[in-house]
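Asker: Take a look at query.cif, mmCIF, C-alpha atoms:
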data_run
loop_
_atom_site.label_atom_id
_atom_site.label_comp_id
_atom_site.auth_asym_id
_atom_site.auth_seq_id
_atom_site.Cartn_x
_atom_site.Cartn_y
_atom_site.Cartn_z
CA MET A 1 -14.34 13.64 13.88
CA ARG A 2 -15.21 9.98 13.46
CA VAL A 3 -17.39 8.63 10.66
CA GLU A 4 -18.68 5.09 11.13
CA ILE A 5 -20.05 3.26 8.10
CA TRP A 6 -22.20 0.17 8.47
CA SER A 7 -22.19 -1.94 5.32
CA ASP A 8 -22.22 -5.43 3.84
CA ILE A 9 -20.05 -6.75 1.01
CA ASN A 10 -23.20 -8.21 -0.57
CA CYS A 11 -24.73 -4.73 -0.85
CA PRO A 12 -24.16 -2.94 -4.19
CA TRP A 13 -25.45 0.35 -2.77
CA CYS A 14 -22.78 0.12 -0.05
CA TYR A 15 -20.15 -0.16 -2.78
CA ILE A 16 -21.62 2.85 -4.58
CA GLY A 17 -22.32 4.84 -1.40
CA LYS A 18 -18.74 4.41 -0.22
CA ALA A 19 -17.49 5.94 -3.47
CA ARG A 20 -19.87 8.89 -3.16
CA PHE A 21 -18.87 9.50 0.45
CA GLU A 22 -15.20 9.40 -0.48
CA GLN A 23 -15.81 12.00 -3.19
CA ALA A 24 -17.19 14.32 -0.52
CA LEU A 25 -14.44 13.52 1.96
CA ALA A 26 -11.71 14.19 -0.62
CA VAL A 27 -12.70 17.86 -0.86
CA PHE A 28 -13.64 18.36 2.81
CA PRO A 29 -11.27 20.99 4.26
CA HIS A 30 -10.81 19.02 7.52
CA ARG A 31 -10.45 15.57 5.92
CA ALA A 32 -7.10 14.98 7.68
CA GLU A 33 -8.96 15.12 11.00
CA VAL A 34 -11.67 12.64 9.99
CA GLU A 35 -11.33 9.03 11.11
CA VAL A 36 -13.35 6.55 9.04
CA VAL A 37 -14.32 3.26 10.69
CA HIS A 38 -16.15 0.52 8.82
CA ARG A 39 -18.71 -1.49 10.79
CA SER A 40 -20.35 -4.84 10.12
CA PHE A 41 -23.95 -5.38 9.02
CA GLU A 42 -25.17 -8.69 7.59
CA LEU A 43 -28.08 -8.30 5.22
CA ASP A 44 -28.88 -11.99 5.52
CA PRO A 45 -27.22 -13.71 8.51
CA ASN A 46 -28.93 -16.98 7.50
CA ALA A 47 -27.59 -17.02 3.94
CA PRO A 48 -25.82 -20.26 2.97
CA ARG A 49 -22.03 -20.23 3.05
CA ALA A 50 -21.84 -21.86 -0.36
CA ALA A 51 -21.90 -19.26 -3.12
CA ARG A 52 -24.88 -19.32 -5.51
CA PRO A 53 -25.49 -17.47 -8.80
CA LEU A 54 -26.97 -14.06 -8.05
CA LEU A 55 -29.45 -13.56 -10.87
CA PRO A 56 -31.74 -16.51 -9.98
CA LEU A 57 -31.69 -15.31 -6.35
CA LEU A 58 -32.76 -11.81 -7.44
CA ALA A 59 -35.49 -13.21 -9.67
CA ALA A 60 -36.89 -15.32 -6.84
CA LYS A 61 -36.66 -12.53 -4.23
CA TYR A 62 -38.40 -9.90 -6.35
CA GLY A 63 -40.76 -12.19 -8.27
CA MET A 64 -39.28 -11.29 -11.63
CA SER A 65 -37.95 -13.13 -14.66
CA LEU A 66 -34.26 -13.74 -15.22
CA GLU A 67 -34.36 -11.15 -17.99
CA GLN A 68 -35.79 -8.58 -15.59
CA ALA A 69 -33.16 -9.48 -12.99
CA GLU A 70 -30.45 -8.99 -15.61
CA ALA A 71 -31.90 -5.58 -16.48
CA ALA A 72 -32.00 -4.56 -12.80
CA GLU A 73 -28.37 -5.59 -12.34
CA ALA A 74 -27.44 -3.64 -15.47
CA ARG A 75 -29.07 -0.51 -14.03
CA ILE A 76 -27.12 -0.91 -10.77
CA ALA A 77 -23.97 -1.45 -12.83
CA GLY A 78 -24.68 1.83 -14.60
CA ASN A 79 -24.93 3.64 -11.27
CA ALA A 80 -21.62 2.12 -10.17
CA ARG A 81 -19.82 3.00 -13.39
CA ALA A 82 -21.10 6.56 -13.14
CA GLU A 83 -19.03 6.80 -9.96
CA GLY A 84 -15.97 5.34 -11.69
CA LEU A 85 -16.41 1.88 -10.19
CA PRO A 86 -15.88 -1.34 -12.13
CA TYR A 87 -18.94 -3.59 -12.04
CA LEU A 88 -19.59 -7.03 -13.51
CA ASP A 89 -23.29 -6.98 -14.39
CA GLY A 90 -23.54 -10.68 -15.11
CA GLY A 91 -22.21 -13.87 -13.59
CA ARG A 92 -21.83 -12.64 -10.00
CA ASP A 93 -22.65 -14.83 -7.02
CA ALA A 94 -23.71 -14.31 -3.41
CA ALA A 95 -23.19 -16.10 -0.11
CA ASN A 96 -22.97 -15.58 3.64
CA SER A 97 -20.70 -12.63 4.44
CA PHE A 98 -19.95 -13.35 8.12
CA ASP A 99 -16.38 -14.55 7.44
CA MET A 100 -15.72 -11.41 5.42
CA HIS A 101 -16.82 -9.27 8.34
CA ARG A 102 -14.65 -11.24 10.76
CA LEU A 103 -11.68 -10.78 8.46
CA LEU A 104 -12.36 -7.04 8.22
CA HIS A 105 -12.14 -6.76 12.01
CA PHE A 106 -8.86 -8.65 11.92
CA ALA A 107 -7.65 -6.21 9.23
CA LYS A 108 -8.74 -3.27 11.40
CA ASP A 109 -6.50 -4.53 14.20
CA ARG A 110 -3.62 -4.61 11.71
CA GLY A 111 -4.35 -1.16 10.27
CA ARG A 112 -5.40 -2.54 6.86
CA GLN A 113 -9.19 -2.45 7.05
CA ALA A 114 -9.70 0.09 4.25
CA GLU A 115 -7.41 -1.84 1.92
CA LEU A 116 -9.17 -5.15 2.57
CA LEU A 117 -12.62 -3.60 2.21
CA ASP A 118 -11.70 -2.21 -1.20
CA ALA A 119 -10.31 -5.60 -2.22
CA LEU A 120 -13.49 -7.40 -1.11
CA TYR A 121 -15.78 -4.98 -2.93
CA ARG A 122 -13.70 -5.20 -6.09
CA ALA A 123 -13.61 -9.00 -5.98
CA ASN A 124 -17.35 -9.30 -5.35
CA PHE A 125 -18.61 -6.71 -7.81
CA ALA A 126 -16.00 -6.54 -10.55
CA GLU A 127 -14.32 -9.96 -10.84
CA GLU A 128 -15.72 -13.21 -12.16
CA ARG A 129 -14.02 -15.45 -9.58
CA SER A 130 -16.06 -15.89 -6.41
CA ALA A 131 -14.94 -13.85 -3.41
CA PHE A 132 -16.51 -16.12 -0.81
CA ASP A 133 -14.33 -19.23 -0.40
CA ALA A 134 -11.63 -19.28 2.27
CA GLN A 135 -8.69 -19.62 -0.12
CA ARG A 136 -9.86 -16.63 -2.12
CA LEU A 137 -10.35 -14.59 1.06
CA VAL A 138 -6.80 -15.35 2.15
CA GLU A 139 -5.49 -14.25 -1.25
CA LEU A 140 -7.43 -11.00 -0.98
CA ALA A 141 -6.10 -10.46 2.55
CA VAL A 142 -2.53 -10.92 1.35
CA GLY A 143 -3.16 -8.52 -1.51
CA ALA A 144 -4.37 -5.99 1.06
CA GLY A 145 -1.09 -6.26 2.96
CA LEU A 146 -2.05 -8.81 5.61
CA ASP A 147 -0.21 -11.95 6.66
CA GLY A 148 -1.72 -14.94 4.86
CA GLU A 149 -1.17 -17.48 7.64
CA ALA A 150 -2.71 -15.17 10.23
CA ALA A 151 -5.71 -14.49 7.97
CA ALA A 152 -6.18 -18.22 7.36
CA ALA A 153 -6.07 -18.84 11.11
CA VAL A 154 -8.85 -16.28 11.65
CA LEU A 155 -11.02 -17.94 9.02
CA ALA A 156 -10.36 -21.39 10.47
CA ASP A 157 -11.59 -20.30 13.93
CA PRO A 158 -15.33 -19.54 13.71
CA GLU A 159 -15.22 -17.55 16.96
CA ALA A 160 -12.35 -15.27 15.95
CA TYR A 161 -13.72 -11.71 15.79
CA ALA A 162 -17.27 -13.09 15.79
CA GLU A 163 -18.18 -11.07 18.86
CA ALA A 164 -16.86 -7.88 17.22
CA VAL A 165 -19.20 -8.45 14.27
CA ARG A 166 -22.15 -9.05 16.58
CA GLU A 167 -21.36 -5.92 18.59
CA ASP A 168 -21.39 -3.81 15.43
CA GLU A 169 -24.74 -5.27 14.43
CA ALA A 170 -26.20 -4.74 17.89
CA THR A 171 -25.10 -1.10 17.81
CA ALA A 172 -26.70 -0.58 14.42
CA SER A 173 -29.92 -2.12 15.68
CA ALA A 174 -29.90 0.12 18.76
CA MET A 175 -29.56 3.13 16.48
CA GLY A 176 -32.56 2.01 14.46
CA ALA A 177 -30.67 1.03 11.31
CA THR A 178 -32.59 -1.50 9.24
CA GLY A 179 -30.56 -1.24 6.05
CA VAL A 180 -27.20 -0.22 4.67
CA PRO A 181 -25.19 1.75 3.89
CA PHE A 182 -25.63 3.67 7.12
CA PHE A 183 -23.24 6.51 7.95
CA VAL A 184 -22.93 7.98 11.46
CA LEU A 185 -20.87 11.09 12.11
CA ASP A 186 -19.61 11.48 15.68
CA ARG A 187 -22.57 9.38 16.90
CA ARG A 188 -24.93 12.32 16.50
CA LEU A 189 -25.70 12.70 12.81
CA GLY A 190 -26.89 9.91 10.54
CA VAL A 191 -27.03 9.47 6.77
CA SER A 192 -28.91 6.50 5.32
CA GLY A 193 -28.44 5.05 1.85
CA ALA A 194 -26.20 5.79 -1.11
CA GLN A 195 -26.85 9.52 -1.06
CA PRO A 196 -25.33 11.89 -3.64
CA ALA A 197 -21.85 13.23 -2.84
CA GLU A 198 -23.41 16.66 -2.19
CA THR A 199 -25.44 15.24 0.70
CA PHE A 200 -22.33 13.75 2.27
CA THR A 201 -20.62 17.13 1.90
CA GLN A 202 -23.52 18.74 3.76
CA ALA A 203 -23.34 16.10 6.48
CA LEU A 204 -19.59 16.52 6.99
CA GLU A 205 -19.92 20.30 7.20
CA GLN A 206 -22.89 20.12 9.58
CA ALA A 207 -21.20 17.62 11.87
CA TRP A 208 -17.99 19.64 11.95
CA GLU A 209 -19.74 22.91 12.73
CA SER A 210 -21.93 21.56 15.54
CA ARG A 211 -19.59 19.45 17.61
CA LEU A 212 -21.66 19.30 20.78
CA PRO A 213 -23.37 16.16 22.13
CA ALA A 214 -26.88 15.86 20.70
CA PRO A 215 -29.36 13.20 19.58
CA LEU A 216 -28.68 11.48 16.27
CA VAL A 217 -29.99 13.73 13.47
CA PRO A 218 -30.83 12.31 10.02
CA VAL A 219 -29.35 14.10 7.01
CA GLY A 220 -30.55 13.78 3.42
CA GLY A 221 -33.79 12.41 2.13
CA GLY A 222 -35.05 9.02 3.13
CA ASP A 223 -35.29 7.88 -0.47
CA ALA A 224 -31.64 7.09 -1.24
CA GLU A 225 -31.02 3.56 -2.45
CA ALA A 226 -30.02 1.06 0.19
CA CYS A 227 -30.04 -2.64 0.98
CA GLY A 228 -32.06 -4.20 3.78
CA PRO A 229 -33.16 -7.61 5.03
CA ASP A 230 -35.74 -7.79 2.24
CA GLY A 231 -33.18 -7.07 -0.46
CA CYS A 232 -31.56 -4.18 -2.30
CA GLU A 233 -33.60 -1.39 -3.82
CA LEU A 234 -33.76 -1.48 -7.57
CA PRO A 235 -32.42 1.72 -9.14
CA ARG A 236 -34.81 4.45 -10.15
CA ARG A 237 -32.20 5.99 -12.42
#
Reformat the file's structure so that it appears as structure tokens.

Answerer:
Amino acid sequence: MRVEIWSDINCPWCYIGKARFEQALAVFPHRAEVEVVHRSFELDPNAPRAARPLLPLLAAKYGMSLEQAEAAEARIAGNARAEGLPYLDGGRDAANSFDMHRLLHFAKDRGRQAELLDALYRANFAEERSAFDAQRLVELAVGAGLDGEAAAAVLADPEAYAEAVREDEATASAMGATGVPFFVLDRRLGVSGAQPAETFTQALEQAWESRLPAPLVPVGGGDAEACGPDGCELPRR
């Protein structure tokens, strides 16, 4: 069974949702027969490439004060830490993620996609140093087991793996995905948002038990936190 996960490194609910999905997968009886593929989804394809402090961006997007933005980030941090994830709830930045997605496709070709994705999430959400400049991305790629010169060559060529990123995004659009994280099991069962681990368990069991071609079926409520073009949902808990 194949599980495809559309996500963006800028999306905190993708970081949290991945952890919740992995909790469910870890206890799934057929986990050895599940292939997980990570797909690209840019929340803001027009975002500047230069990194900018996150909190003023949140304040401007949601029409809130800096203090309110700090409180919202702290609530998201609490959700992340509840899943055992490190989270820096102050001082983070944000920028265009297209190069990250290109590098993830390069890592997929080298069999190191999962390792690089974890490194990118950790760098973006739990470390003070920006994860967005090319030198830092090469360092993260090396730490994930990739060749540094090859990774640098990918980043230096703006067309390298660009089409693979666009194809992922076109597929998500065709499926009706407007936000992330978005999980698709065997291209017939969909889970939107950072659902609880129990919902992912239900989805894995349902997909495994009904392995016949069928239209994409949504699983879980439509109220799980997610990130979309208009921003990331502020936590209700």

Asker: Once the PyMOL selection byres ((chain A and resi 79) around 12) is applied to the coordinates I shared, what remains selected? I want it as a PDB file with C-alpha atoms, in the coordinates of the input.

Answerer:
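Final output, selection.pdb:
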ATOM      1  CA  PRO A  12     -24.160  -2.940  -4.190  1.00  0.00           C
ATOM      2  CA  TRP A  13     -25.450   0.350  -2.770  1.00  0.00           C
ATOM      3  CA  CYS A  14     -22.780   0.120  -0.050  1.00  0.00           C
ATOM      4  CA  TYR A  15     -20.150  -0.160  -2.780  1.00  0.00           C
ATOM      5  CA  ILE A  16     -21.620   2.850  -4.580  1.00  0.00           C
ATOM      6  CA  GLY A  17     -22.320   4.840  -1.400  1.00  0.00           C
ATOM      7  CA  ALA A  19     -17.490   5.940  -3.470  1.00  0.00           C
ATOM      8  CA  ARG A  20     -19.870   8.890  -3.160  1.00  0.00           C
ATOM      9  CA  ALA A  72     -32.000  -4.560 -12.800  1.00  0.00           C
ATOM     10  CA  GLU A  73     -28.370  -5.590 -12.340  1.00  0.00           C
ATOM     11  CA  ALA A  74     -27.440  -3.640 -15.470  1.00  0.00           C
ATOM     12  CA  ARG A  75     -29.070  -0.510 -14.030  1.00  0.00           C
ATOM     13  CA  ILE A  76     -27.120  -0.910 -10.770  1.00  0.00           C
ATOM     14  CA  ALA A  77     -23.970  -1.450 -12.830  1.00  0.00           C
ATOM     15  CA  GLY A  78     -24.680   1.830 -14.600  1.00  0.00           C
ATOM     16  CA  ALA A  80     -21.620   2.120 -10.170  1.00  0.00           C
ATOM     17  CA  ARG A  81     -19.820   3.000 -13.390  1.00  0.00           C
ATOM     18  CA  ALA A  82     -21.100   6.560 -13.140  1.00  0.00           C
ATOM     19  CA  GLU A  83     -19.030   6.800  -9.960  1.00  0.00           C
ATOM     20  CA  GLY A  84     -15.970   5.340 -11.690  1.00  0.00           C
ATOM     21  CA  LEU A  85     -16.410   1.880 -10.190  1.00  0.00           C
ATOM     22  CA  PRO A  86     -15.880  -1.340 -12.130  1.00  0.00           C
ATOM     23  CA  TYR A  87     -18.940  -3.590 -12.040  1.00  0.00           C
ATOM     24  CA  ASP A  89     -23.290  -6.980 -14.390  1.00  0.00           C
ATOM     25  CA  ALA A 194     -26.200   5.790  -1.110  1.00  0.00           C
ATOM     26  CA  GLN A 195     -26.850   9.520  -1.060  1.00  0.00           C
ATOM     27  CA  PRO A 196     -25.330  11.890  -3.640  1.00  0.00           C
ATOM     28  CA  GLU A 225     -31.020   3.560  -2.450  1.00  0.00           C
ATOM     29  CA  LEU A 234     -33.760  -1.480  -7.570  1.00  0.00           C
ATOM     30  CA  PRO A 235     -32.420   1.720  -9.140  1.00  0.00           C
ATOM     31  CA  ARG A 236     -34.810   4.450 -10.150  1.00  0.00           C
ATOM     32  CA  ARG A 237     -32.200   5.990 -12.420  1.00  0.00           C
TER      33      ARG A 237
END

Asker: For the structure provided, state which residues fall under the PyMOL selection byres ((chain A and resi 113) around 12), and present them as a ChimeraX atom specification.

Answerer: /A:36-40,100-112,114-120,140-141,144-146

Asker: For Gly176 of chain A, which of A:Glu233, A:Leu155, A:Pro218, A:Ala162 is the closest residue, counting only C-alpha atoms?

Answerer: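 The closest residue to Gly176 of chain A is A:Pro218.
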
Asker: Could you work out how far atom CA of Ser130 of chain A lies from atom CA of Ala226 of chain A, giving the answer in Å with one decimal?

Answerer: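 If I compute the distance from atom CA of Ala226 of chain A to atom CA of Ser130 of chain A, I get 22.9 Å.
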
Asker: Specify the axis-aligned box that encloses all atoms of segment 141-144 of chain A listed in the file after padding of 8 Å on each side, stating its centre and edge lengths in Å to one decimal as AutoDock Vina command-line options.

Answerer:
--center_x -4.3 --center_y -8.5 --center_z 0.5 --size_x 19.6 --size_y 20.9 --size_z 20.1

Asker: Evaluate the PyMOL selection byres ((chain A and resi 136) around 12) here and jot the selected residues down as a PyMOL selection string.

Answerer: chain A and resi 99-100+119-120+123-124+127+129-135+137-143+148+151-152+155

Asker: Report, in Å to a single decimal, how far apart atom CA of Glu128 of chain A and atom CA of Gly91 of chain A are.

Answerer: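 Taking atom CA of Gly91 of chain A and atom CA of Glu128 of chain A, their separation equals 6.7 Å.
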
Asker: How many Å lie between atom CA of Thr201 of chain A and atom CA of Phe28 of chain A, rounded to one decimal?

Answerer: 7.1 Å

Asker: Return the single residue from A:Gln68, A:Asn96, A:Thr178, A:Ser7 that is closest to Ala47 of chain A, with distances computed using all atoms listed in the file.

Answerer: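 For Ala47 of chain A, the nearest of the candidates is A:Asn96.
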
Asker: Between A:Ile9, A:Leu66, A:Leu185, A:Ala71, which one has atoms that come closest to Glu205 of chain A, using only C-alpha atoms?

Answerer: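 For Glu205 of chain A, the nearest of the candidates is A:Leu185.
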
Asker: Can you tell me, as a list in words, what residues are no more than 9 Å from segment 30-33 of chain A when counting only C-alpha atoms, ignoring any on the same chain fewer than 2 positions away?

Answerer: Met1, Arg2, Leu25, Ala26, Val27, Phe28, Glu35 and Trp208 of chain A

Asker: List as number ranges by chain the protein and nucleic acid residues near Ala197 of chain A, meaning an atom at most 7 Å away when all atoms listed in the file are counted, but skip any in the same chain fewer than 5 places from it.

Answerer: A: 20-21, 23-24

Asker: Given the choices A:Leu204, A:Ile5, A:Val34, A:Ala60, which gets closest to Ser192 of chain A if the distance is worked out from all atoms listed in the file?

Answerer: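 Result for the nearest residue to Ser192 of chain A: A:Ile5.
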
Asker: Take the point (-30.2, -11.6, -11.8) in the file's coordinates, draw a sphere of radius 7 Å around it, and report as a PyMOL selection string every protein, DNA or RNA residue with an atom inside or on it, counting all atoms listed in the file.

Answerer: chain A and resi 54-59+66+69-70+73

Asker: Would you mind putting all heavy atoms back on segment 166-177 of chain A and writing the result as a PDB file, keeping the file's coordinate frame?

Answerer:
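Dumped to selection_32.pdb:
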ATOM      1  N   ARG A 166     -20.844  -9.116  15.909  1.00  0.00           N
ATOM      2  CA  ARG A 166     -22.150  -9.050  16.580  1.00  0.00           C
ATOM      3  C   ARG A 166     -22.336  -7.727  17.316  1.00  0.00           C
ATOM      4  O   ARG A 166     -23.444  -7.179  17.370  1.00  0.00           O
ATOM      5  CB  ARG A 166     -22.296 -10.231  17.522  1.00  0.00           C
ATOM      6  CG  ARG A 166     -22.286 -11.591  16.806  1.00  0.00           C
ATOM      7  CD  ARG A 166     -22.489 -12.747  17.752  1.00  0.00           C
ATOM      8  NE  ARG A 166     -22.379 -14.020  17.043  1.00  0.00           N
ATOM      9  CZ  ARG A 166     -21.404 -14.911  17.243  1.00  0.00           C
ATOM     10  NH1 ARG A 166     -20.463 -14.664  18.144  1.00  0.00           N
ATOM     11  NH2 ARG A 166     -21.362 -16.038  16.570  1.00  0.00           N
ATOM     12  N   GLU A 167     -21.266  -7.209  17.901  1.00  0.00           N
ATOM     13  CA  GLU A 167     -21.360  -5.920  18.590  1.00  0.00           C
ATOM     14  C   GLU A 167     -21.694  -4.800  17.611  1.00  0.00           C
ATOM     15  O   GLU A 167     -22.519  -3.929  17.906  1.00  0.00           O
ATOM     16  CB  GLU A 167     -20.041  -5.617  19.310  1.00  0.00           C
ATOM     17  CG  GLU A 167     -19.813  -6.460  20.555  1.00  0.00           C
ATOM     18  CD  GLU A 167     -18.480  -6.157  21.217  1.00  0.00           C
ATOM     19  OE1 GLU A 167     -17.756  -5.251  20.715  1.00  0.00           O
ATOM     20  OE2 GLU A 167     -18.152  -6.823  22.209  1.00  0.00           O
ATOM     21  N   ASP A 168     -21.067  -4.814  16.447  1.00  0.00           N
ATOM     22  CA  ASP A 168     -21.390  -3.810  15.430  1.00  0.00           C
ATOM     23  C   ASP A 168     -22.861  -3.883  15.041  1.00  0.00           C
ATOM     24  O   ASP A 168     -23.547  -2.858  14.911  1.00  0.00           O
ATOM     25  CB  ASP A 168     -20.547  -4.041  14.168  1.00  0.00           C
ATOM     26  CG  ASP A 168     -19.160  -3.432  14.263  1.00  0.00           C
ATOM     27  OD1 ASP A 168     -18.861  -2.789  15.285  1.00  0.00           O
ATOM     28  OD2 ASP A 168     -18.376  -3.608  13.307  1.00  0.00           O
ATOM     29  N   GLU A 169     -23.344  -5.093  14.846  1.00  0.00           N
ATOM     30  CA  GLU A 169     -24.740  -5.270  14.430  1.00  0.00           C
ATOM     31  C   GLU A 169     -25.711  -4.864  15.525  1.00  0.00           C
ATOM     32  O   GLU A 169     -26.762  -4.283  15.246  1.00  0.00           O
ATOM     33  CB  GLU A 169     -24.950  -6.716  13.984  1.00  0.00           C
ATOM     34  CG  GLU A 169     -24.149  -7.050  12.728  1.00  0.00           C
ATOM     35  CD  GLU A 169     -24.234  -8.500  12.302  1.00  0.00           C
ATOM     36  OE1 GLU A 169     -24.510  -9.372  13.154  1.00  0.00           O
ATOM     37  OE2 GLU A 169     -24.030  -8.762  11.109  1.00  0.00           O
ATOM     38  N   ALA A 170     -25.346  -5.141  16.771  1.00  0.00           N
ATOM     39  CA  ALA A 170     -26.200  -4.740  17.890  1.00  0.00           C
ATOM     40  C   ALA A 170     -26.260  -3.215  18.002  1.00  0.00           C
ATOM     41  O   ALA A 170     -27.318  -2.635  18.282  1.00  0.00           O
ATOM     42  CB  ALA A 170     -25.685  -5.356  19.191  1.00  0.00           C
ATOM     43  N   THR A 171     -25.131  -2.561  17.770  1.00  0.00           N
ATOM     44  CA  THR A 171     -25.100  -1.100  17.810  1.00  0.00           C
ATOM     45  C   THR A 171     -25.964  -0.500  16.712  1.00  0.00           C
ATOM     46  O   THR A 171     -26.725   0.454  16.944  1.00  0.00           O
ATOM     47  CB  THR A 171     -23.657  -0.584  17.682  1.00  0.00           C
ATOM     48  OG1 THR A 171     -22.866  -1.115  18.743  1.00  0.00           O
ATOM     49  CG2 THR A 171     -23.609   0.934  17.732  1.00  0.00           C
ATOM     50  N   ALA A 172     -25.866  -1.063  15.519  1.00  0.00           N
ATOM     51  CA  ALA A 172     -26.700  -0.580  14.420  1.00  0.00           C
ATOM     52  C   ALA A 172     -28.177  -0.738  14.737  1.00  0.00           C
ATOM     53  O   ALA A 172     -28.986   0.160  14.481  1.00  0.00           O
ATOM     54  CB  ALA A 172     -26.349  -1.334  13.131  1.00  0.00           C
ATOM     55  N   SER A 173     -28.528  -1.876  15.306  1.00  0.00           N
ATOM     56  CA  SER A 173     -29.920  -2.120  15.680  1.00  0.00           C
ATOM     57  C   SER A 173     -30.391  -1.116  16.728  1.00  0.00           C
ATOM     58  O   SER A 173     -31.507  -0.583  16.643  1.00  0.00           O
ATOM     59  CB  SER A 173     -30.078  -3.547  16.201  1.00  0.00           C
ATOM     60  OG  SER A 173     -31.400  -3.792  16.607  1.00  0.00           O
ATOM     61  N   ALA A 174     -29.538  -0.831  17.712  1.00  0.00           N
ATOM     62  CA  ALA A 174     -29.900   0.120  18.760  1.00  0.00           C
ATOM     63  C   ALA A 174     -30.102   1.522  18.194  1.00  0.00           C
ATOM     64  O   ALA A 174     -30.886   2.313  18.734  1.00  0.00           O
ATOM     65  CB  ALA A 174     -28.808   0.145  19.831  1.00  0.00           C
ATOM     66  N   MET A 175     -29.409   1.832  17.114  1.00  0.00           N
ATOM     67  CA  MET A 175     -29.560   3.130  16.480  1.00  0.00           C
ATOM     68  C   MET A 175     -30.754   3.187  15.527  1.00  0.00           C
ATOM     69  O   MET A 175     -31.053   4.232  14.955  1.00  0.00           O
ATOM     70  CB  MET A 175     -28.284   3.483  15.692  1.00  0.00           C
ATOM     71  CG  MET A 175     -27.102   3.818  16.556  1.00  0.00           C
ATOM     72  SD  MET A 175     -25.671   4.277  15.522  1.00  0.00           S
ATOM     73  CE  MET A 175     -24.532   4.828  16.791  1.00  0.00           C
ATOM     74  N   GLY A 176     -31.390   2.055  15.331  1.00  0.00           N
ATOM     75  CA  GLY A 176     -32.560   2.010  14.460  1.00  0.00           C
ATOM     76  C   GLY A 176     -32.254   1.738  13.013  1.00  0.00           C
ATOM     77  O   GLY A 176     -33.128   1.893  12.154  1.00  0.00           O
ATOM     78  N   ALA A 177     -31.031   1.312  12.701  1.00  0.00           N
ATOM     79  CA  ALA A 177     -30.670   1.030  11.310  1.00  0.00           C
ATOM     80  C   ALA A 177     -31.282  -0.306  10.886  1.00  0.00           C
ATOM     81  O   ALA A 177     -31.091  -1.323  11.533  1.00  0.00           O
ATOM     82  CB  ALA A 177     -29.153   0.972  11.166  1.00  0.00           C
TER      83      ALA A 177
END
